[in-house]
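All remarks here apply to the structure that follows.
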Amino acid sequence: MKRTASAVWQGSLKEGKGSLTAPGGALKNTEYSFGSRFASGAGTNPEELIAAAHAGCFAMALSAALGEAGFTPARLESSAELNFDNVPPKGWTITASHLTLKAQVPGITPEKFQEIAAKAKANCPVSRVLNAEISLTATLA
């Protein structure tokens with residue numbers, strides 16, 4: 001299985017702009033720029049998209065892990081916050097991703113929930129691709 005996306009960039013780093021497109025339709029000439037990456041400009045940025053991918057991947061991995069253990073989640077609400085730091089001499093680097101989870105899982109104990117959430121964090125494909133510290137705060141509602 002392969003997934004694709006494309007980027008088009010025009011102009012210099014600080015004054016230029018780009019667009020991102022993915023065949024699935026979530027990104028269709030979606031604007032990104034220096035301002036949207038390093039300030040608060042309009043548009044998206046690669047790190048925001050990685051955070052979204054990590055949050056979504058983790059929620060799906062957790063749903064699968066819960067299902068394997070005999071539980072069906074009523075609701076999994078996940079978010080990812082990336083640290084994007086200038087690390088000399090490498091330069092700008094994603095150094096960490098912190099997952100936050102609020103979950104409703106009928107019939108599960110808090111201990112079993114934490115065990116399964118930790119397993120999903122470690123085994124989510126996006127977690128495995130990131131070369132960064134990945135932490136998790138999981139709350140069972």
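Lettering and numbering for the structure tokens are positional, with chains as A, B, ... in the shown order, residues counted from 1 in each chain, and ligands counted from 1 in the shown order.
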TODO: Name the residues in contact with Ser36 of chain A at a cut-off of 10 Å, using only C-alpha atoms, excluding same-chain residues fewer than 4 positions from it; report them as a PyMOL selection string.
DONE: chain A and resi 17+31-32+40-46+48
Open item on the list: Please identify the strand (DSSP E or B) residues within segment 22-115 of chain A (assignment by DSSP from backbone atoms) and present them as a ChimeraX atom specification.
Closed with: /A:30-33,44,75-87,91-104
Open item on the list: What does the structure give for the distance between atom CA of Ala141 of chain A and atom CA of Leu66 of chain A, in Å to one decimal?
Closed with: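 It comes out at 15.2 Å.
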- [ ] Kindly indicate which residue among A:Lys14, A:Lys102, A:Lys121, A:Lys28 lies nearest to Phe58 of chain A, using only C-alpha atoms for the distances.
- [x] A:Lys121
Open item on the list: Give me the residues near Ala132 of chain A as an NGL selection string, where near means some atom within 8 Å (using only C-alpha atoms) and where sequence neighbours in that chain fewer than 3 positions away do not count.
Closed with: :A and (94-97)
